[in-house]
Structure formats: C-alpha cells, structure tokens
>>> print(open('work_5.tsv').read())   # TSV, C-alpha atoms and all ligand atoms
chain	number	residue	atom	x	y	z
A	1	MET	CA	39.22	74.31	-14.84
A	2	SER	CA	40.13	70.68	-15.21
A	3	VAL	CA	41.54	68.74	-12.32
A	4	SER	CA	43.42	65.50	-12.66
A	5	PRO	CA	42.74	62.93	-9.97
A	6	TRP	CA	45.95	61.20	-10.95
A	7	ASN	CA	49.23	62.18	-9.33
A	8	SER	CA	47.22	63.82	-6.58
A	9	THR	CA	49.26	65.45	-3.85
A	10	VAL	CA	46.35	65.38	-1.38
A	11	LEU	CA	47.36	63.43	1.71
A	12	PRO	CA	45.01	60.51	2.37
A	13	PRO	CA	42.58	60.97	5.27
A	14	SER	CA	42.00	57.69	7.05
A	15	THR	CA	38.70	56.93	5.30
A	16	TYR	CA	37.35	57.27	1.79
A	17	TRP	CA	34.43	59.38	3.03
A	18	GLY	CA	36.86	61.66	4.87
A	19	GLN	CA	38.62	62.19	1.56
A	20	TYR	CA	35.27	62.80	-0.15
A	21	GLN	CA	34.34	65.48	2.38
A	22	ASP	CA	37.73	67.20	2.01
A	23	ILE	CA	37.26	67.32	-1.75
A	24	THR	CA	33.68	68.56	-1.42
A	25	LYS	CA	34.85	71.50	0.72
A	26	SER	CA	37.45	72.68	-1.78
A	27	ASN	CA	35.63	71.74	-5.04
A	28	ALA	CA	32.03	72.86	-4.66
A	29	HIS	CA	31.66	73.16	-8.46
A	30	LEU	CA	32.01	69.39	-8.98
A	31	ASN	CA	28.98	67.10	-9.15
A	32	VAL	CA	28.64	64.08	-6.85
A	33	ALA	CA	29.98	61.57	-9.39
A	34	GLU	CA	33.03	63.74	-10.03
A	35	ARG	CA	33.72	64.10	-6.31
A	36	LEU	CA	33.38	60.34	-5.77
A	37	TRP	CA	35.81	59.79	-8.66
A	38	VAL	CA	38.49	62.24	-7.42
A	39	ALA	CA	38.13	61.00	-3.84
A	40	TRP	CA	38.75	57.42	-5.00
A	41	TYR	CA	42.06	58.25	-6.70
A	42	ALA	CA	43.14	60.61	-3.90
A	43	TRP	CA	42.32	58.02	-1.21
A	44	MET	CA	43.97	55.09	-3.02
A	45	GLN	CA	47.23	57.01	-3.64
A	46	ASN	CA	48.11	54.37	-6.23
A	47	ASP	CA	46.66	54.99	-9.67
A	48	VAL	CA	47.37	51.56	-11.15
A	49	LEU	CA	45.70	49.88	-8.19
A	50	ALA	CA	42.82	52.41	-8.17
A	51	THR	CA	42.01	51.84	-11.86
A	52	GLY	CA	42.62	48.08	-11.58
A	53	ILE	CA	40.29	47.58	-8.61
A	54	MET	CA	37.61	49.86	-10.09
A	55	SER	CA	37.72	48.05	-13.47
A	56	PHE	CA	37.56	44.58	-11.93
A	57	ALA	CA	34.78	45.55	-9.49
A	58	ILE	CA	32.67	47.14	-12.25
A	59	HIS	CA	33.10	44.03	-14.42
A	60	GLU	CA	32.11	41.60	-11.64
A	61	LEU	CA	29.20	43.73	-10.38
A	62	VAL	CA	27.74	44.24	-13.83
A	63	TYR	CA	28.35	40.69	-15.07
A	64	PHE	CA	26.79	38.93	-12.08
A	65	GLY	CA	24.34	41.73	-11.28
A	66	ARG	CA	22.91	41.47	-14.79
A	67	SER	CA	23.01	37.69	-15.22
A	68	ILE	CA	21.81	36.48	-11.78
A	69	PRO	CA	18.23	37.80	-12.30
A	70	TRP	CA	18.07	35.46	-15.33
A	71	VAL	CA	18.95	32.52	-13.04
A	72	PHE	CA	15.86	33.32	-10.93
A	73	ILE	CA	13.71	33.84	-14.03
A	74	ASP	CA	14.79	30.40	-15.33
A	75	SER	CA	14.37	28.64	-11.97
A	76	LEU	CA	10.99	30.16	-11.13
A	77	GLY	CA	9.66	29.76	-14.66
A	78	ILE	CA	7.90	33.13	-14.44
A	79	LEU	CA	8.57	34.25	-18.00
A	80	ARG	CA	8.50	30.82	-19.64
A	81	ARG	CA	6.22	31.92	-22.47
A	82	TYR	CA	8.95	34.31	-23.65
A	83	LYS	CA	11.70	31.66	-23.58
A	84	ILE	CA	13.01	31.12	-27.11
A	85	GLN	CA	13.95	27.43	-26.78
A	86	ASN	CA	11.08	26.66	-24.51
A	87	SER	CA	11.90	23.01	-23.88
A	88	LYS	CA	15.53	23.65	-22.90
A	89	VAL	CA	15.58	25.41	-19.54
A	90	PRO	CA	19.02	25.25	-17.88
A	91	SER	CA	19.09	23.61	-14.45
A	92	LEU	CA	20.47	25.39	-11.39
A	93	ARG	CA	23.34	22.87	-11.37
A	94	GLU	CA	24.27	23.75	-14.96
A	95	GLN	CA	24.18	27.47	-14.20
A	96	TRP	CA	26.28	27.01	-11.05
A	97	ASP	CA	28.92	25.02	-12.98
A	98	CYS	CA	28.97	27.77	-15.59
A	99	ALA	CA	29.32	30.50	-12.92
A	100	LYS	CA	32.28	28.65	-11.34
A	101	PHE	CA	34.05	28.41	-14.71
A	102	VAL	CA	33.45	32.10	-15.46
A	103	LEU	CA	34.67	33.16	-12.00
A	104	LEU	CA	37.82	31.07	-12.36
A	105	SER	CA	38.50	32.69	-15.72
A	106	HIS	CA	37.87	36.20	-14.33
A	107	PHE	CA	40.32	35.70	-11.47
A	108	THR	CA	43.05	33.82	-13.35
A	109	VAL	CA	42.94	35.30	-16.86
A	110	GLU	CA	41.24	38.70	-16.70
A	111	LEU	CA	42.40	40.03	-13.32
A	112	PRO	CA	46.12	40.04	-14.19
A	113	GLN	CA	45.35	41.81	-17.50
A	114	ILE	CA	43.16	44.44	-15.84
A	115	TRP	CA	46.30	45.63	-14.02
A	116	LEU	CA	47.72	46.66	-17.38
A	117	PHE	CA	44.73	48.87	-18.09
A	118	HIS	CA	45.91	51.99	-16.28
A	119	PRO	CA	49.40	52.13	-17.86
A	120	MET	CA	47.83	51.41	-21.27
A	121	ALA	CA	45.22	54.17	-20.77
A	122	GLN	CA	47.98	56.61	-19.82
A	123	PHE	CA	50.12	55.59	-22.79
A	124	PHE	CA	47.30	56.22	-25.28
A	125	GLY	CA	46.30	59.48	-23.58
A	126	LEU	CA	42.84	58.62	-22.20
A	127	SER	CA	41.64	61.53	-20.12
A	128	THR	CA	40.87	61.10	-16.43
A	129	SER	CA	40.33	64.76	-15.68
A	130	ILE	CA	37.20	66.37	-14.32
A	131	PRO	CA	34.67	67.69	-15.17
A	132	PHE	CA	33.49	64.62	-17.07
A	133	PRO	CA	32.69	64.87	-20.78
A	134	SER	CA	29.14	65.86	-21.78
A	135	PRO	CA	26.52	63.08	-22.10
A	136	TRP	CA	26.34	63.85	-25.85
A	137	ALA	CA	30.12	63.33	-26.30
A	138	MET	CA	29.91	60.03	-24.42
A	139	ALA	CA	26.84	58.88	-26.36
A	140	TYR	CA	28.20	59.46	-29.87
A	141	GLN	CA	31.57	57.89	-29.03
A	142	ILE	CA	29.87	54.82	-27.51
A	143	ALA	CA	27.69	54.49	-30.64
A	144	ILE	CA	30.88	54.47	-32.74
A	145	PHE	CA	32.45	51.82	-30.48
A	146	PHE	CA	29.37	49.61	-30.89
A	147	VAL	CA	29.74	49.78	-34.68
A	148	MET	CA	33.51	49.17	-34.58
A	149	GLU	CA	33.33	46.30	-32.09
A	150	ASP	CA	30.49	44.63	-33.97
A	151	THR	CA	32.67	44.55	-37.09
A	152	TRP	CA	35.62	43.03	-35.23
A	153	HIS	CA	33.33	40.53	-33.52
A	154	TYR	CA	31.65	39.47	-36.77
A	155	PHE	CA	34.88	38.58	-38.57
A	156	MET	CA	36.65	37.06	-35.58
A	157	HIS	CA	33.63	35.04	-34.52
A	158	ARG	CA	33.13	33.83	-38.09
A	159	ALA	CA	36.81	32.83	-38.22
A	160	LEU	CA	36.37	30.94	-34.93
A	161	HIS	CA	33.78	28.77	-36.70
A	162	TRP	CA	36.43	27.54	-39.13
A	163	GLY	CA	36.93	23.81	-38.29
A	164	PRO	CA	40.36	23.76	-36.58
A	165	LEU	CA	39.75	27.02	-34.68
A	166	TYR	CA	36.28	25.86	-33.68
A	167	LYS	CA	37.63	22.59	-32.26
A	168	ALA	CA	40.59	24.21	-30.51
A	169	ILE	CA	38.93	27.38	-29.16
A	170	HIS	CA	35.27	28.17	-29.81
A	171	LYS	CA	33.70	24.77	-29.03
A	172	ILE	CA	33.70	25.57	-25.30
A	173	HIS	CA	31.38	28.55	-25.79
A	174	HIS	CA	28.99	26.34	-27.76
A	175	GLN	CA	28.62	23.83	-24.94
A	176	TYR	CA	25.20	25.36	-24.29
A	177	SER	CA	22.95	25.03	-27.32
A	178	ALA	CA	20.27	26.94	-25.41
A	179	PRO	CA	22.20	29.85	-23.87
A	180	PHE	CA	21.51	31.68	-20.60
A	181	GLY	CA	22.84	34.99	-19.24
A	182	LEU	CA	25.77	33.56	-17.25
A	183	ALA	CA	27.05	31.76	-20.37
A	184	ALA	CA	27.97	35.05	-22.10
A	185	GLU	CA	31.61	34.75	-21.01
A	186	TYR	CA	31.73	30.96	-20.83
A	187	ALA	CA	34.57	30.58	-23.30
A	188	SER	CA	38.18	29.56	-23.77
A	189	PRO	CA	40.67	32.13	-22.38
A	190	ILE	CA	42.01	32.51	-25.94
A	191	GLU	CA	38.53	33.41	-27.18
A	192	VAL	CA	38.07	35.86	-24.30
A	193	MET	CA	41.31	37.52	-25.38
A	194	ILE	CA	40.47	37.58	-29.11
A	195	LEU	CA	36.94	38.94	-28.69
A	196	GLY	CA	37.78	41.07	-25.64
A	197	PHE	CA	40.51	42.69	-27.73
A	198	GLY	CA	37.78	44.26	-29.88
A	199	THR	CA	35.97	45.66	-26.83
A	200	VAL	CA	39.12	47.28	-25.43
A	201	SER	CA	41.04	48.20	-28.58
A	202	CYS	CA	38.19	49.93	-30.47
A	203	PRO	CA	38.06	52.82	-27.95
A	204	ILE	CA	41.88	52.82	-27.73
A	205	LEU	CA	42.13	53.12	-31.52
A	206	TRP	CA	39.56	55.92	-31.45
A	207	CYS	CA	41.63	57.73	-28.80
A	208	ALA	CA	44.86	57.23	-30.77
A	209	LEU	CA	43.20	58.77	-33.86
A	210	THR	CA	41.29	61.64	-32.26
A	211	GLY	CA	43.02	62.20	-28.91
A	212	ASP	CA	39.58	62.53	-27.37
A	213	LEU	CA	38.43	59.86	-24.94
A	214	HIS	CA	37.65	59.90	-21.25
A	215	ILE	CA	38.21	56.76	-19.21
A	216	LEU	CA	34.64	57.11	-17.86
A	217	THR	CA	33.28	56.85	-21.43
A	218	MET	CA	35.31	53.65	-21.77
A	219	TYR	CA	33.76	52.27	-18.55
A	220	ILE	CA	30.21	53.09	-19.67
A	221	TRP	CA	30.93	51.47	-23.05
A	222	ILE	CA	32.18	48.27	-21.36
A	223	VAL	CA	29.11	48.20	-19.07
A	224	LEU	CA	26.75	48.57	-22.05
A	225	ARG	CA	28.66	45.94	-24.03
A	226	LEU	CA	28.32	43.55	-21.06
A	227	PHE	CA	24.57	44.26	-20.91
A	228	GLN	CA	24.36	43.52	-24.64
A	229	ALA	CA	26.30	40.24	-24.33
A	230	ILE	CA	24.30	38.98	-21.33
A	231	ASP	CA	20.95	39.94	-22.88
A	232	ALA	CA	21.92	38.28	-26.16
A	233	HIS	CA	22.56	35.04	-24.21
A	234	SER	CA	19.53	35.35	-21.93
A	235	GLY	CA	17.42	32.99	-24.04
A	236	TYR	CA	14.37	35.28	-23.80
A	237	GLU	CA	12.64	37.29	-26.48
A	238	PHE	CA	10.02	39.89	-25.49
A	239	PRO	CA	7.52	41.93	-27.49
A	240	TYR	CA	9.42	44.98	-26.20
A	241	SER	CA	12.92	43.65	-27.02
A	242	LEU	CA	15.07	46.38	-28.55
A	243	HIS	CA	15.21	44.88	-32.06
A	244	HIS	CA	11.46	45.48	-32.47
A	245	PHE	CA	12.20	49.21	-32.28
A	246	LEU	CA	15.67	49.18	-33.87
A	247	PRO	CA	15.39	46.52	-36.59
A	248	PHE	CA	19.17	46.40	-37.09
A	249	TRP	CA	19.79	45.55	-33.40
A	250	ALA	CA	20.66	41.86	-32.93
A	251	GLY	CA	19.58	40.83	-29.41
A	252	ALA	CA	18.69	37.42	-27.99
A	253	ASP	CA	16.50	36.52	-30.95
A	254	HIS	CA	19.61	36.65	-33.19
A	255	HIS	CA	22.22	35.00	-30.96
A	256	ASP	CA	19.99	32.24	-29.55
A	257	LEU	CA	19.63	30.83	-33.06
A	258	HIS	CA	23.42	30.89	-33.44
A	259	HIS	CA	23.73	28.67	-30.35
A	260	GLU	CA	20.91	26.40	-31.44
A	261	LYS	CA	22.07	25.90	-35.04
A	262	PHE	CA	25.87	26.48	-34.69
A	263	ILE	CA	25.82	28.49	-37.92
A	264	GLY	CA	25.18	32.06	-39.06
A	265	ASN	CA	24.34	35.17	-37.00
A	266	TYR	CA	27.99	35.84	-36.14
A	267	ALA	CA	27.74	39.54	-35.25
A	268	SER	CA	27.41	40.79	-31.68
A	269	SER	CA	25.25	43.93	-31.65
A	270	PHE	CA	23.87	44.54	-35.15
A	271	ARG	CA	22.36	42.55	-37.97
A	272	TRP	CA	23.93	44.32	-40.97
A	273	TRP	CA	27.12	42.24	-41.43
A	274	ASP	CA	25.18	38.97	-41.40
A	275	TYR	CA	22.66	40.47	-43.81
A	276	LEU	CA	25.29	41.87	-46.21
A	277	LEU	CA	27.47	38.76	-46.22
A	278	ASN	CA	24.54	36.35	-46.38
A	279	THR	CA	25.21	34.61	-43.09
A	280	GLU	CA	21.94	35.62	-41.49
A	281	TYR	CA	20.17	32.65	-39.94
A	282	THR	CA	16.63	33.71	-39.16
A	283	PRO	CA	13.33	32.31	-40.49
A	284	ASP	CA	13.04	35.38	-42.76
A	285	ALA	CA	16.55	35.01	-44.13
A	286	LEU	CA	16.06	31.29	-44.78
A	287	LYS	CA	12.81	32.04	-46.62
A	288	ARG	CA	14.52	34.74	-48.68
A	289	ARG	CA	17.37	32.36	-49.59
A	290	ARG	CA	14.91	29.62	-50.61
A	291	GLU	CA	13.01	32.07	-52.82
A	292	GLU	CA	16.21	33.35	-54.45
A	293	LYS	CA	17.31	29.77	-55.09
A	294	ALA	CA	13.94	28.89	-56.61
A	295	LYS	CA	14.13	32.00	-58.86
A	296	ALA	CA	17.64	31.08	-59.99
A	297	THR	CA	16.59	27.49	-60.79
A	298	LYS	CA	13.56	28.78	-62.75
A	299	ALA	CA	15.74	31.17	-64.75
A	300	GLN	CA	18.04	28.35	-65.92
B	1	ZN	ZN	29.83	30.80	-32.29
B	2	ZN	ZN	27.29	33.06	-27.55
>>> encode(input="work_5.tsv", output="structure tokens", more="lines below")
Ligand SMILES: [Zn+2]
Ligand SMILES: [Zn+2]
Amino acid sequence: MSVSPWNSTVLPPSTYWGQYQDITKSNAHLNVAERLWVAWYAWMQNDVLATGIMSFAIHELVYFGRSIPWVFIDSLGILRRYKIQNSKVPSLREQWDCAKFVLLSHFTVELPQIWLFHPMAQFFGLSTSIPFPSPWAMAYQIAIFFVMEDTWHYFMHRALHWGPLYKAIHKIHHQYSAPFGLAAEYASPIEVMILGFGTVSCPILWCALTGDLHILTMYIWIVLRLFQAIDAHSGYEFPYSLHHFLPFWAGADHHDLHHEKFIGNYASSFRWWDYLLNTEYTPDALKRRREEKAKATKAQ
C-alpha cells in the first residue's frame, strides 16, 4: 500500500515527535526514515513550506557540513603533503569572506527559488509516496543524472569561458586560482542559475519522460552532486581519491587545474567530454597533444 504524506488529513499534534509516534502506532510496516518523512509533512500541514524548508536545510547542512572540515584541514596544515597547489593555502580571512558571499547568495537568490520546488515537483509528477523506492532504483537513476548533468555542465561551463560571458559572469568563480571547498558555489547568481538548472532539470526531464522519480531520489542526487562539487574544489588529491579507482571520474585533480590554468577540464563529474573534445588539461593530455603535433610535423 502506498501512502501519500501530502494532503494529509491527520490533525497536527503539538510536537513533531508526537506526530511521529501517532504515525508509528498506525503504520508499523514503515521503516524509521519513512515514518520521519510522513510525520514531517503531517506535522507541517503545509506541503510547499515542508518541502521548501527541508530542501533549504539539506542544502545548507550538506554544503557547510562538507566544506567546513576543509577549512580546518587548510588552517591546521595536517594534510599539506596532499595539497595540489602546495604553495597557495587559503587564509582563514579569505575563506570567511567566501563563506559570507555564499551565504548571502543562498539566502537572497536560492531561498526564494527553493519555494518553487514543491509546485514544480507536483507539476512534473515526482512521487512523494511511501514506501520509498528500492536502493537499486535510486542508484541507477542517480547514475543517469550524473551523466546527464555532466554533459550540461561541460557545454555550459565551456560557453562561460567565451570572452564576453567570462567577463560578465564566470570571472567571479575564478577569483580563486587555488580553490577550496567553500568556493564551490562562489559564483555569480546567473552562473548559479545556469549550472544549477542542469542539476535540477536533469531529474525533472527524466521524470517527464519516464514518469518514475521519487523526490527522495532527487534529494540524494543533489546531496551527492554537492559532495562532488565541494570535493572537486577541495584542493586536495589523495592516493585513494575516487579517480584512481574509476579513471573516468574527474575529482579535485581535474578541477584544480582548471582553476590554476583557466583553461580546459570543463566537465563536472567525468573526464570523457574533455577527452573526446580535446579540452583535457592534464600533464598526460598535454604530453599526448605534443606527441601528436610532433608526429604531424614529421609527416609533412
Ligand atoms: Zn571555469
Ligand atoms: Zn570551480
């Protein structure tokens, strides 16, 4: 049986935990996460507000929760030997200024838009029912979103490096030639909208085509995409970084060079678009290009 937490007719007990206990009594078949989810919507009694607050809170918690440890790592110098641009360690002052800018943008630009999320999700038929989809269904859909978003990001980011667009929009993001976690969303509001459009509209497009998407899958996708963006800006490369195991994964190694050199490595999550369209900017790619050039000159 599927139960929709939206349009709930359950009267709100005075506390969230009261609501949770009520739901537990009458829905013993639900797991804890599902009960917490239904209790939230039933307690809020306002679906737009419930989704809006949850979306904004998840974004803030994940963004700062994931990037603040990097502030300590930079300040304490504990992992300095893994820092990619070893001589350029951001000061606390720089990171604080960056955090203030990002917070201002979250509250003034993103917060009002997050309020549109619930009506948009309803319009495109995202499911909010319980039980939740299986982990397998969530995993394969999220993998598809990573591939779709990476394609959008590659072409839009490459376009943002075209002179006039770079000067008008993208230059702000490149203020830090040695990036750090908090700088992932340090960008013009127009850039946040252009690139954020890919993150939100890829799942929406998937849902419009297949009619199969749960809002929880969308949340997990956004959380993983945030992890990816913050890690790519962290400025640290480890022997156990993901791209050593998945060679097509981009990671910090890829994006740090983009900030340092201002050219190439435009994709977000994967390396294939840069490889295919010859915009890869890594020592290997540069070597390969030099060799191809030398071969071509020899052949003439
Ligand atoms: Zn760029
Ligand atoms: Zn960047």
>>> residues_near_ligand(input="work_5.tsv", ligand="ligand ZN 1 (chain B)", cutoff="9 Å", atoms="all atoms listed in the file", output="MDAnalysis selection string")
chainID A and resid 157:158 160:161 166 170:171 173:174 255 258:259 262:266
>>> residues_near_ligand(input="work_5.tsv", ligand="ligand ZN 2 (chain B)", cutoff="9 Å", atoms="only C-alpha atoms and all ligand atoms", output="JSON, numbers by chain")
{"A": [173, 174, 176, 179, 183, 184, 185, 186, 187, 229, 232, 233, 255, 256, 258, 259, 268]}
>>> atom_distance(input="work_5.tsv", atom1="atom CA of Glu260 of chain A", atom2="atom CA of Phe145 of chain A")
27.9 Å
>>> residues_around(input="work_5.tsv", residues="segment 22-28 of chain A", least_positions_apart="6", cutoff="8 Å", atoms="all atoms listed in the file", output="PyMOL selection string")
chain A and resi 35+38-39
>>> write_last_selection(input="work_5.tsv", atoms="C-alpha atoms", output="PDB file, in the frame of the given file")
ATOM      1  CA  ARG A  35      33.720  64.100  -6.310  1.00  0.00           C
ATOM      2  CA  VAL A  38      38.490  62.240  -7.420  1.00  0.00           C
ATOM      3  CA  ALA A  39      38.130  61.000  -3.840  1.00  0.00           C
TER       4      ALA A  39
END
>>> closest_residue(input="work_5.tsv", among="A:Ala250, A:Val192, A:Ala159, A:Val89", to="Glu280 of chain A", atoms="only C-alpha atoms")
A:Ala250
>>> axis_aligned_box(input="work_5.tsv", around="segment 78-90 of chain A", padding_each_side="8 Å", output="AutoDock Vina command-line options")
--center_x 12.6 --center_y 28.7 --center_z -20.8 --size_x 28.8 --size_y 27.3 --size_z 28.7
>>> residues_near_point(input="work_5.tsv", point="(46.5, 44.4, -15.7)", cutoff="10 Å", atoms="only C-alpha atoms", output="ChimeraX atom specification")
/A:48-49,51-53,55-56,109-120
>>> residues_around(input="work_5.tsv", residues="Leu276 of chain A", least_positions_apart="2", cutoff="12 Å", atoms="all atoms listed in the file", output="number ranges by chain")
A: 154, 248, 265, 267, 270-274, 278-280, 285
>>> write_last_selection(input="work_5.tsv", atoms="C-alpha atoms", output="PDB file, in the coordinates of the input")
ATOM      1  CA  TYR A 154      31.650  39.470 -36.770  1.00  0.00           C
ATOM      2  CA  PHE A 248      19.170  46.400 -37.090  1.00  0.00           C
ATOM      3  CA  ASN A 265      24.340  35.170 -37.000  1.00  0.00           C
ATOM      4  CA  ALA A 267      27.740  39.540 -35.250  1.00  0.00           C
ATOM      5  CA  PHE A 270      23.870  44.540 -35.150  1.00  0.00           C
ATOM      6  CA  ARG A 271      22.360  42.550 -37.970  1.00  0.00           C
ATOM      7  CA  TRP A 272      23.930  44.320 -40.970  1.00  0.00           C
ATOM      8  CA  TRP A 273      27.120  42.240 -41.430  1.00  0.00           C
ATOM      9  CA  ASP A 274      25.180  38.970 -41.400  1.00  0.00           C
ATOM     10  CA  ASN A 278      24.540  36.350 -46.380  1.00  0.00           C
ATOM     11  CA  THR A 279      25.210  34.610 -43.090  1.00  0.00           C
ATOM     12  CA  GLU A 280      21.940  35.620 -41.490  1.00  0.00           C
ATOM     13  CA  ALA A 285      16.550  35.010 -44.130  1.00  0.00           C
TER      14      ALA A 285
END
>>> closest_atom_pairs(input="work_5.tsv", of="segment 116-201 of chain A", to="segment 206-220 of chain A", cutoff="7 Å", atoms="only C-alpha atoms", output="Markdown table")
| residue | atom | partner | partner_atom | distance |
| --- | --- | --- | --- | --- |
| A:Phe124 | CA | A:Ala208 | CA | 6.1 |
| A:Gly125 | CA | A:Gly211 | CA | 6.8 |
| A:Leu126 | CA | A:Leu213 | CA | 5.3 |
| A:Ser127 | CA | A:His214 | CA | 4.5 |
| A:Thr128 | CA | A:Ile215 | CA | 5.8 |
| A:Met138 | CA | A:Thr217 | CA | 5.5 |
>>> residues_near_point(input="work_5.tsv", point="(17.1, 24.7, -29.0)", cutoff="7 Å", atoms="all atoms listed in the file", output="MDAnalysis selection string")
chainID A and resid 85 88 177:178 260
>>> atom_distance(input="work_5.tsv", atom1="atom CA of Glu60 of chain A", atom2="atom CA of Phe197 of chain A")
18.2 Å
>>> atom_distance(input="work_5.tsv", atom1="atom CA of Pro133 of chain A", atom2="atom CA of Ile204 of chain A")
16.7 Å
>>> residues_around(input="work_5.tsv", residues="Tyr63 of chain A", least_positions_apart="3", cutoff="8 Å", atoms="only C-alpha atoms", output="NGL selection string")
:A and (59-60 or 66-67 or 182 or 226-227 or 230)
>>> closest_residue(input="work_5.tsv", among="A:Val102, A:Ile78, A:Ala139, A:Val200", to="Trp152 of chain A", atoms="only C-alpha atoms")
A:Val200
>>> closest_residue(input="work_5.tsv", among="A:Gln19, A:Leu205, A:Lys83, A:Trp37", to="Ala50 of chain A", atoms="all atoms listed in the file")
A:Trp37
>>> closest_residue(input="work_5.tsv", among="A:His153, A:Lys261, A:His29, A:Lys287", to="Pro131 of chain A", atoms="all atoms listed in the file")
A:His29
>>> decode(input="work_5.tsv", residues="segment 19-40 of chain A", atoms="C-alpha atoms", output="short mmCIF file (atom, residue, chain, number, x, y, z; two decimals), in the first residue's frame")
data_model
loop_
_atom_site.label_atom_id
_atom_site.label_comp_id
_atom_site.auth_asym_id
_atom_site.auth_seq_id
_atom_site.Cartn_x
_atom_site.Cartn_y
_atom_site.Cartn_z
CA GLN A 19 3.13 13.21 15.22
CA TYR A 20 5.90 10.63 14.70
CA GLN A 21 4.54 8.45 17.49
CA ASP A 22 0.98 8.66 16.14
CA ILE A 23 2.21 7.54 12.73
CA THR A 24 4.31 4.75 14.23
CA LYS A 25 1.24 3.33 16.01
CA SER A 26 -0.88 3.16 12.87
CA ASN A 27 1.89 2.35 10.31
CA ALA A 28 4.05 -0.36 11.86
CA HIS A 29 5.11 -1.58 8.39
CA LEU A 30 7.03 1.64 7.63
CA ASN A 31 10.75 1.97 8.34
CA VAL A 32 12.13 4.79 10.51
CA ALA A 33 13.05 7.04 7.57
CA GLU A 34 9.58 6.65 6.08
CA ARG A 35 7.92 7.48 9.40
CA LEU A 36 10.12 10.56 9.87
CA TRP A 37 9.20 11.65 6.34
CA VAL A 38 5.41 11.24 6.76
CA ALA A 39 5.50 12.83 10.22
CA TRP A 40 7.25 15.89 8.78
#
